[in-house]
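One structure is given below, encoded as structure tokens.
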Amino acid sequence: MEARYNGAKIYCITPEYNATAKLSTDWVPVKPGTDSFLAMSLLHVLFRDDFIDRDFVREQTDLTFLVRTDTGDLLRHKDLRDKGKDDVFFCWDEATGSAQPMPGSQGHFKKSLRLGKLQPALEGVWEVKGQDAAMIPVTTVFEHARREALKFPPHQTHATTGVHPTLGERMAKDLAKSDKAIVNIGFSLHKYVSGTMTCWGAALACALTGHAGERGGLDTENNWSLGGIGPLSSPKPARFASGFFSEWMNGDMARSMKRHYSDAHLKDTLGLDNQEIGALTGRYAETSNAWFGKPRALLLFADNMLRRNKSEAHYRQAFVESLDLFVDVNHRMDSTALCADYVLPAKSQYESWDLRGELGYHRFCNLTVPPKGLKPIGETKSEWEICLLLSRAIAKAAKTHGLIAIPDPDFLETKADKAAPVMRDLVNLAEDFTDHGKLMNDEDVVRWLMQNVPAIAPWTPEDAMKHGYVTLNREAGFNSPLYAKRPFHSFEHNVYLRQPYKTLSGRQQFYVDHPVFKQLGCATPTAMQPLRPKSFPLAFWTPHTRHGIHSQWRANAQLLRLQRGEPYIWINPGTARQRGLAEGDPVRVFNDGGEFFARAKLMPAVPPGAVVMDHAWEPFQFRERLGLNSVVAGMLSPLELVEGWGHLKFNPNWDGNMIAFESSVEVEKSKETAA
């Protein structure tokens with residue numbers, strides 16, 4: 001509202017007319033799952049009308065990098081020299097009329113984006129002499145990106161996206177001509193297989209028009225790191241597993257994918273069938289630097305796993321029932337706790353000392369301090385105290401059974417110039433966990449963090465209690481400083497200090513020559529069709545609830561009074577009328593993966609041919625405890641399973657994302673909805 005008052009134009013891109021669209025200057029009613037086509041039509045206008053900030057593009061992006069036209073691979077140093085490097089790349093230098101290495105890449109000795117005397121060309125076709133003296137034909141990434149974008153004029157993408165070409169043209173020109181433009185991408189785009197391409201296309205649009213630093217660009221303010229927490233976690237290396245991908249494997253989700261997506265449909269829309277996706281997941285599990293393995297015992301904290309996982313009944317049977325032991329540490333009996341062998345009662349968020357510094361909190365940390373004299377309810381304890389008790393019990397059992405220390409062959413350490421497995425010192429587990437008695441409870445841990453995390457210095461708990469919050473210092477910013485009294489702008493380190501980006505090229509990267517990207521036609525940003533099968537007529541997606549924090553407060557009586565108090569779907573009146581549905585009718589939502597029961601809420605804001613339901617309803621609130629994820633088939637994006645290509649390697653920001661918005665459903669009237 002403040003931005004609009006100050007004259008900003010706000011384009012809200014969303015299929016349903018939601019609370020954000022209501023406050024924007026322009027609503028862009030894109031059909032569900034077609035955002036990548038909209039992004040490409042925007043790029044089409046920018047390339048067609050030459051809205052290009054050439055100086056920015058030459059220095060800050062890989063659009064000047066040379067691509068071999070014979071193989072489709074980036075031209076690398078190893079192509080030109082025997083035993084050459086794999087991570088040094090070239091431009092065509094107009095000053096010398098020859099291919100020259102670009103500074104700033106991961107393999108280049110010069111760790112700066114400054115071009116010096118280089119004059120990289122954006123357009124053209126040339127030949128360079130390879131290491132075997134054969135001539136290699138090359139062109140630029142710019143030429144590839146432009147050629148791809150020109151395939152998607154707004155008047156042609158209109159039929160796919162539902163966005164009128166006049167609106168698309170105006171949005172592209174407003175972006176190009178604005179002094180400052182910001183693209184804010186929510187989490188929903190990543191719930192489509194095409195999400196990677198959409199986000200990449202948006203990044204390219206910002207790059208072409210020079211929007212970065214004080215000119216705006218992608219909003220990355222929620223991307224920062226506290227740092228310095230490592231010593232707290234373990235004196236020995238921790239097993240760090242992929243969250244989504246591990247759950248995909250452990251829950252046998254490929255079976256639910258095969259039920260909902262036929263080979264012919266996947267091949268036609270994605271380019272890979274079920275077997276090929278399975279082979280890709282197998283390679284990812286073998287080559288990723290994450291740890292994979294189906295556990296026999298599960299100790300779960302702060303995760304309502306059995307609510308949020310897709311094809312929930314199948315997942316519950318495939319994974320949870322295969323466990324020997326399932327322990328849930330929780331402050332409430334949520335859907336996951338109901339299935340656990342043991343529930344260890346934890347204090348709730350506001351009964352423990354805690355420091356909240358996660359993605360989405362921007363430049364503030366919230367310190368939670370319980371009131372003085374607050375007595376725990378029943379046997380509840382803080383999570384730290386629960387873990388301390390468990391570590392003592394494990395140490396005692398290990399000593400009883402003579403398991404003083406056991407080798408872990410997955411991790412090696414050097415001793416006397418020889419590599420040997422890391423030893424898991426079980427009998428001293430409690431000592432290691434508490435740092436030899438220094439960290440005995442949640443207050444000790446918070447005070448340790450505030451003393452040892454550089455981003456928080458020089459704040460103390462007493463400062464935070466006085467002011468009500470903690471402000472992170474400027475070093476906490478991921479790609480720009482966090483200023484105390486100035487706005488955050490993405491990529492200041494790169495734009496103004498010319499520091500390389502954390503990519504293989506050292507620049508904003510718009511060409512990936514990994515075989516999977518090339519096979520799917522995605523070496524540079526492009527459009528990808530929605531995957532939802534045509535065997536069921538209605539698109540199904542689940543935006544975030546406005547009556548809770550995920551499922552945290554879903555059964556709270558006060559919050560239930562703000563809505564209808566039981567699960568309901570949103571459906572367009574026309575779509576409902578075709579099925580004989582009226583307001584408040586009990587309905588069955590189903591497909592070949594499962595079903596759930598709810599009530600119909602007729603909403604003109606929902607487009608025809610769709611069912612929308614705010615997420616995070618607890619399965620125990622539904623009839624037969626079949627929650628909304630019963631109809632969401634397992635699916636992964638193949639592009640997110642690329643491993644070991646430059647910066648594309650497993651880490652918390654690059655992992656196989658469980659897709660939530662690519663399933664299709666049907667709706668019919670049912671007899672009852674009672675849980």
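Chain labels A, B, ... are given in the sequence in which chains occur in the structure tokens; within each chain residues are numbered consecutively from 1, and ligands are likewise numbered from 1 in the order shown.
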Per residue of range 6-49 of chain A within 12 Å of range 137-145 of chain A, record the nearest atom pair and its distance in Å to one decimal, counting only C-alpha atoms, with rows in chain order and ascending residue number, as JSON lines.
```
{"residue": "A:Met40", "atom": "CA", "partner": "A:Ala145", "partner_atom": "CA", "distance": 10.0}
{"residue": "A:Leu43", "atom": "CA", "partner": "A:Ala145", "partner_atom": "CA", "distance": 9.0}
{"residue": "A:His44", "atom": "CA", "partner": "A:Ala145", "partner_atom": "CA", "distance": 9.7}
{"residue": "A:Leu46", "atom": "CA", "partner": "A:Ala145", "partner_atom": "CA", "distance": 11.4}
{"residue": "A:Phe47", "atom": "CA", "partner": "A:Ala145", "partner_atom": "CA", "distance": 9.1}
{"residue": "A:Arg48", "atom": "CA", "partner": "A:Ala145", "partner_atom": "CA", "distance": 11.9}
```
Take the residues just selected and output them with N, CA and C atoms as a PDB file, in the first residue's frame.
```pdb
ATOM      1  N   MET A  40       8.777 -16.149 -20.560  1.00  0.00           N
ATOM      2  CA  MET A  40       9.430 -16.148 -21.866  1.00  0.00           C
ATOM      3  C   MET A  40       8.827 -15.088 -22.794  1.00  0.00           C
ATOM      4  N   LEU A  43      10.481 -11.920 -21.844  1.00  0.00           N
ATOM      5  CA  LEU A  43      11.829 -11.873 -22.422  1.00  0.00           C
ATOM      6  C   LEU A  43      11.775 -11.596 -23.922  1.00  0.00           C
ATOM      7  N   HIS A  44      10.758 -12.141 -24.597  1.00  0.00           N
ATOM      8  CA  HIS A  44      10.595 -11.892 -26.029  1.00  0.00           C
ATOM      9  C   HIS A  44      10.531 -10.393 -26.315  1.00  0.00           C
ATOM     10  N   LEU A  46      11.607  -7.917 -24.430  1.00  0.00           N
ATOM     11  CA  LEU A  46      12.875  -7.255 -24.098  1.00  0.00           C
ATOM     12  C   LEU A  46      13.905  -7.438 -25.201  1.00  0.00           C
ATOM     13  N   PHE A  47      14.015  -8.654 -25.739  1.00  0.00           N
ATOM     14  CA  PHE A  47      14.959  -8.899 -26.838  1.00  0.00           C
ATOM     15  C   PHE A  47      14.490  -8.232 -28.128  1.00  0.00           C
ATOM     16  N   ARG A  48      13.196  -8.372 -28.436  1.00  0.00           N
ATOM     17  CA  ARG A  48      12.658  -7.847 -29.700  1.00  0.00           C
ATOM     18  C   ARG A  48      12.839  -6.343 -29.799  1.00  0.00           C
TER      19      ARG A  48
END
```
task: Select from range 254-365 of chain A everything DSSP, run on the backbone, classes as helix (DSSP H, G or I), then give the selection as a PyMOL selection string.
output: chain A and resi 254-260+263-269+274-287+305-308+312-318+320-322+337-339+349-351
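The shortest atom-to-atom distance to Trp541 in chain A, with only C-alpha atoms taken into account, belongs to A:Glu16 out of A:Glu16, A:Trp92, A:Tyr11, A:Ala133.
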- request: Rank A:Pro407, A:Gly282, A:Pro604, A:Pro461 by their smallest atom-to-atom distance to Thr368 in chain A, using only C-alpha atoms, and report the top residue only.
  value: A:Pro461
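Closest approach to Asp53 in chain A among A:Ala254, A:Ala405, A:Ala205, A:Ala660 is made by A:Ala205 (distances from only C-alpha atoms).
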Close residues, Thr25 in chain A itself excluded, 12 Å, only C-alpha atoms, min 3 positions apart in chain, as an MDAnalysis selection string: chainID A and resid 1 3:5 7:13 20:22 28 171
Writing out the chosen residues with C-alpha atoms as an mmCIF file, in the first residue's frame:
```cif
data_model
loop_
_atom_site.group_PDB
_atom_site.id
_atom_site.type_symbol
_atom_site.label_atom_id
_atom_site.label_comp_id
_atom_site.auth_asym_id
_atom_site.auth_seq_id
_atom_site.Cartn_x
_atom_site.Cartn_y
_atom_site.Cartn_z
ATOM 1 C CA MET A 1 0.000 0.000 0.000
ATOM 2 C CA ALA A 3 4.525 1.605 -2.539
ATOM 3 C CA ARG A 4 1.303 2.305 -4.424
ATOM 4 C CA TYR A 5 0.867 5.557 -2.517
ATOM 5 C CA GLY A 7 3.470 5.834 -7.289
ATOM 6 C CA ALA A 8 4.762 2.311 -7.798
ATOM 7 C CA LYS A 9 3.128 -0.092 -10.220
ATOM 8 C CA ILE A 10 2.561 -3.532 -8.745
ATOM 9 C CA TYR A 11 1.929 -6.510 -11.016
ATOM 10 C CA CYS A 12 0.572 -9.526 -9.141
ATOM 11 C CA ILE A 13 0.931 -12.753 -11.131
ATOM 12 C CA THR A 20 -2.360 -9.676 -2.779
ATOM 13 C CA ALA A 21 -3.926 -9.262 -6.216
ATOM 14 C CA LYS A 22 -6.605 -7.108 -4.628
ATOM 15 C CA VAL A 28 -1.968 -10.845 -14.198
ATOM 16 C CA MET A 171 4.457 -5.283 -18.057
#
```
message: Neighbouring residues of Thr460 in chain A were defined as those with any atom within 10 Å, considering only C-alpha atoms; residues of the same chain fewer than 6 positions away were excluded. Please report them as a PyMOL selection string.
response: chain A and resi 446-447+449-451+466+470
Using all heavy atoms, can you export the residues from the last selection as a PDB file, in the first residue's frame?
```pdb
ATOM      1  N   VAL A 446      21.345 -20.310  23.902  1.00  0.00           N
ATOM      2  CA  VAL A 446      21.078 -18.991  23.322  1.00  0.00           C
ATOM      3  C   VAL A 446      22.207 -18.024  23.654  1.00  0.00           C
ATOM      4  O   VAL A 446      22.668 -17.251  22.807  1.00  0.00           O
ATOM      5  CB  VAL A 446      19.718 -18.451  23.811  1.00  0.00           C
ATOM      6  CG1 VAL A 446      19.565 -16.976  23.448  1.00  0.00           C
ATOM      7  CG2 VAL A 446      18.581 -19.262  23.198  1.00  0.00           C
ATOM      8  N   ARG A 447      22.674 -18.061  24.894  1.00  0.00           N
ATOM      9  CA  ARG A 447      23.769 -17.158  25.274  1.00  0.00           C
ATOM     10  C   ARG A 447      25.046 -17.512  24.501  1.00  0.00           C
ATOM     11  O   ARG A 447      25.794 -16.620  24.095  1.00  0.00           O
ATOM     12  CB  ARG A 447      24.004 -17.225  26.788  1.00  0.00           C
ATOM     13  CG  ARG A 447      22.854 -16.604  27.583  1.00  0.00           C
ATOM     14  CD  ARG A 447      23.169 -16.510  29.064  1.00  0.00           C
ATOM     15  NE  ARG A 447      22.085 -15.853  29.791  1.00  0.00           N
ATOM     16  CZ  ARG A 447      21.922 -14.532  29.885  1.00  0.00           C
ATOM     17  NH1 ARG A 447      22.817 -13.720  29.310  1.00  0.00           N
ATOM     18  NH2 ARG A 447      20.919 -14.016  30.549  1.00  0.00           N
ATOM     19  N   LEU A 449      25.166 -18.793  21.472  1.00  0.00           N
ATOM     20  CA  LEU A 449      24.972 -18.308  20.112  1.00  0.00           C
ATOM     21  C   LEU A 449      25.237 -16.809  20.005  1.00  0.00           C
ATOM     22  O   LEU A 449      25.917 -16.346  19.090  1.00  0.00           O
ATOM     23  CB  LEU A 449      23.544 -18.609  19.642  1.00  0.00           C
ATOM     24  CG  LEU A 449      23.235 -20.064  19.286  1.00  0.00           C
ATOM     25  CD1 LEU A 449      21.734 -20.262  19.122  1.00  0.00           C
ATOM     26  CD2 LEU A 449      23.953 -20.448  17.996  1.00  0.00           C
ATOM     27  N   MET A 450      24.693 -16.053  20.924  1.00  0.00           N
ATOM     28  CA  MET A 450      24.848 -14.597  20.843  1.00  0.00           C
ATOM     29  C   MET A 450      26.282 -14.161  21.072  1.00  0.00           C
ATOM     30  O   MET A 450      26.692 -13.089  20.622  1.00  0.00           O
ATOM     31  CB  MET A 450      23.896 -13.928  21.828  1.00  0.00           C
ATOM     32  CG  MET A 450      22.433 -14.209  21.503  1.00  0.00           C
ATOM     33  SD  MET A 450      21.267 -13.195  22.424  1.00  0.00           S
ATOM     34  CE  MET A 450      21.475 -11.609  21.623  1.00  0.00           C
ATOM     35  N   GLN A 451      27.058 -14.996  21.735  1.00  0.00           N
ATOM     36  CA  GLN A 451      28.475 -14.673  21.943  1.00  0.00           C
ATOM     37  C   GLN A 451      29.354 -15.123  20.781  1.00  0.00           C
ATOM     38  O   GLN A 451      30.421 -14.553  20.558  1.00  0.00           O
ATOM     39  CB  GLN A 451      28.974 -15.335  23.231  1.00  0.00           C
ATOM     40  CG  GLN A 451      28.376 -14.777  24.504  1.00  0.00           C
ATOM     41  CD  GLN A 451      28.747 -15.602  25.730  1.00  0.00           C
ATOM     42  OE1 GLN A 451      29.489 -16.577  25.633  1.00  0.00           O
ATOM     43  NE2 GLN A 451      28.223 -15.204  26.877  1.00  0.00           N
ATOM     44  N   LYS A 466      15.646  -5.817  26.289  1.00  0.00           N
ATOM     45  CA  LYS A 466      15.343  -4.400  26.459  1.00  0.00           C
ATOM     46  C   LYS A 466      14.664  -3.822  25.231  1.00  0.00           C
ATOM     47  O   LYS A 466      13.695  -3.069  25.325  1.00  0.00           O
ATOM     48  CB  LYS A 466      16.635  -3.635  26.755  1.00  0.00           C
ATOM     49  CG  LYS A 466      16.444  -2.134  26.927  1.00  0.00           C
ATOM     50  CD  LYS A 466      17.782  -1.459  27.227  1.00  0.00           C
ATOM     51  CE  LYS A 466      17.608   0.056  27.350  1.00  0.00           C
ATOM     52  NZ  LYS A 466      18.901   0.727  27.618  1.00  0.00           N
ATOM     53  N   VAL A 470      16.644  -8.459  17.935  1.00  0.00           N
ATOM     54  CA  VAL A 470      18.070  -8.389  17.627  1.00  0.00           C
ATOM     55  C   VAL A 470      18.207  -8.000  16.163  1.00  0.00           C
ATOM     56  O   VAL A 470      17.557  -8.592  15.300  1.00  0.00           O
ATOM     57  CB  VAL A 470      18.770  -9.743  17.863  1.00  0.00           C
ATOM     58  CG1 VAL A 470      20.207  -9.710  17.372  1.00  0.00           C
ATOM     59  CG2 VAL A 470      18.718 -10.115  19.336  1.00  0.00           C
TER      60      VAL A 470
END
```
message: Report as a list in words all protein, DNA and RNA residues lying within 8 Å of Leu429 in chain A, evaluated on only C-alpha atoms, omitting residues in the same chain fewer than 5 positions from it.
response: Ser391, Arg392, Ile394 and Ala395 of chain A
Output for the residues just chosen: N, CA and C atoms as a PDB file, in the first residue's frame:
```
ATOM      1  N   SER A 391      20.998 -38.369  25.068  1.00  0.00           N
ATOM      2  CA  SER A 391      22.432 -38.642  24.902  1.00  0.00           C
ATOM      3  C   SER A 391      22.990 -39.356  26.124  1.00  0.00           C
ATOM      4  N   ARG A 392      22.504 -39.011  27.313  1.00  0.00           N
ATOM      5  CA  ARG A 392      22.945 -39.719  28.519  1.00  0.00           C
ATOM      6  C   ARG A 392      22.489 -41.176  28.493  1.00  0.00           C
ATOM      7  N   ILE A 394      21.769 -42.984  25.826  1.00  0.00           N
ATOM      8  CA  ILE A 394      22.523 -43.711  24.793  1.00  0.00           C
ATOM      9  C   ILE A 394      23.916 -44.053  25.308  1.00  0.00           C
ATOM     10  N   ALA A 395      24.558 -43.106  25.983  1.00  0.00           N
ATOM     11  CA  ALA A 395      25.897 -43.356  26.529  1.00  0.00           C
ATOM     12  C   ALA A 395      25.867 -44.491  27.552  1.00  0.00           C
TER      13      ALA A 395
END
```
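CA of Asn18 in chain A is positioned 28.8 Å from CA of Glu672 in chain A.
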Test item: residues at most 8 Å from Lys294 in chain A, only C-alpha atoms, excluding those fewer than 2 positions along its chain, as a PyMOL selection string: chain A and resi 250+292+296
Keeping only N, CA and C atoms, write those residues as a PDB file, in the first residue's frame.
```
ATOM      1  N   ASN A 250      12.507 -42.657   0.627  1.00  0.00           N
ATOM      2  CA  ASN A 250      12.061 -43.464   1.759  1.00  0.00           C
ATOM      3  C   ASN A 250      10.572 -43.774   1.712  1.00  0.00           C
ATOM      4  N   PHE A 292      22.336 -40.625   2.087  1.00  0.00           N
ATOM      5  CA  PHE A 292      21.051 -41.270   1.837  1.00  0.00           C
ATOM      6  C   PHE A 292      21.044 -42.647   2.480  1.00  0.00           C
ATOM      7  N   ARG A 296      16.070 -46.919  10.343  1.00  0.00           N
ATOM      8  CA  ARG A 296      15.265 -47.879  11.090  1.00  0.00           C
ATOM      9  C   ARG A 296      14.661 -47.230  12.322  1.00  0.00           C
TER      10      ARG A 296
END
```
- prompt: Smallest atom-to-atom distance to Phe244 in chain A: which of A:Ser670, A:Asn494, A:Ser637, A:Gln317, using only C-alpha atoms?
  reply: A:Ser637
- request: Please provide the set of residues having any atom within 6 Å of Trp384 in chain A, restricted to only C-alpha atoms, with same-chain residues fewer than 3 positions apart removed, written as a count of residues only.
  value: 3
task: Any chance you could list, as a ChimeraX atom specification, the residues in range 287-526 of chain A that come up strand (DSSP E or B) when DSSP is run on the backbone?
output: /A:297-301,325-330,342-346,354-356,364-368,381,406-415,418-424,470-471,477,508
- line: Nearest to His514 in chain A, restricted to only C-alpha atoms and choosing among A:Ala555, A:Val57, A:Leu648, A:Leu272, comes out as A:Leu648
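Pairwise distance (CA of Ala476 in chain A, CA of Arg356 in chain A) equals 14.4 Å.
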Would you tabulate, counting only C-alpha atoms, all residues of range 609-668 of chain A that have an atom at most 12 Å from an atom of range 105-109 of chain A, showing the closest pair of atoms and their distance in Å to one decimal, sorted by chain then ascending number, as a tab-separated table?
```
residue	atom	partner	partner_atom	distance
A:Trp645	CA	A:Gln106	CA	11.9
A:Gly646	CA	A:Gln106	CA	8.3
A:His647	CA	A:Gln106	CA	9.4
```
Keeping N, CA, C and O atoms, export the residues of the selection given above as a PDB file, in the first residue's frame.
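Result written to out_28.pdb:
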```pdb
ATOM      1  N   TRP A 645      27.550 -30.216 -11.030  1.00  0.00           N
ATOM      2  CA  TRP A 645      27.848 -29.317 -12.147  1.00  0.00           C
ATOM      3  C   TRP A 645      28.093 -27.927 -11.562  1.00  0.00           C
ATOM      4  O   TRP A 645      27.140 -27.205 -11.243  1.00  0.00           O
ATOM      5  N   GLY A 646      29.347 -27.573 -11.400  1.00  0.00           N
ATOM      6  CA  GLY A 646      29.662 -26.249 -10.878  1.00  0.00           C
ATOM      7  C   GLY A 646      28.952 -25.975  -9.564  1.00  0.00           C
ATOM      8  O   GLY A 646      29.096 -26.706  -8.587  1.00  0.00           O
ATOM      9  N   HIS A 647      28.130 -24.916  -9.558  1.00  0.00           N
ATOM     10  CA  HIS A 647      27.414 -24.541  -8.342  1.00  0.00           C
ATOM     11  C   HIS A 647      26.165 -25.374  -8.127  1.00  0.00           C
ATOM     12  O   HIS A 647      25.540 -25.291  -7.067  1.00  0.00           O
TER      13      HIS A 647
END
```
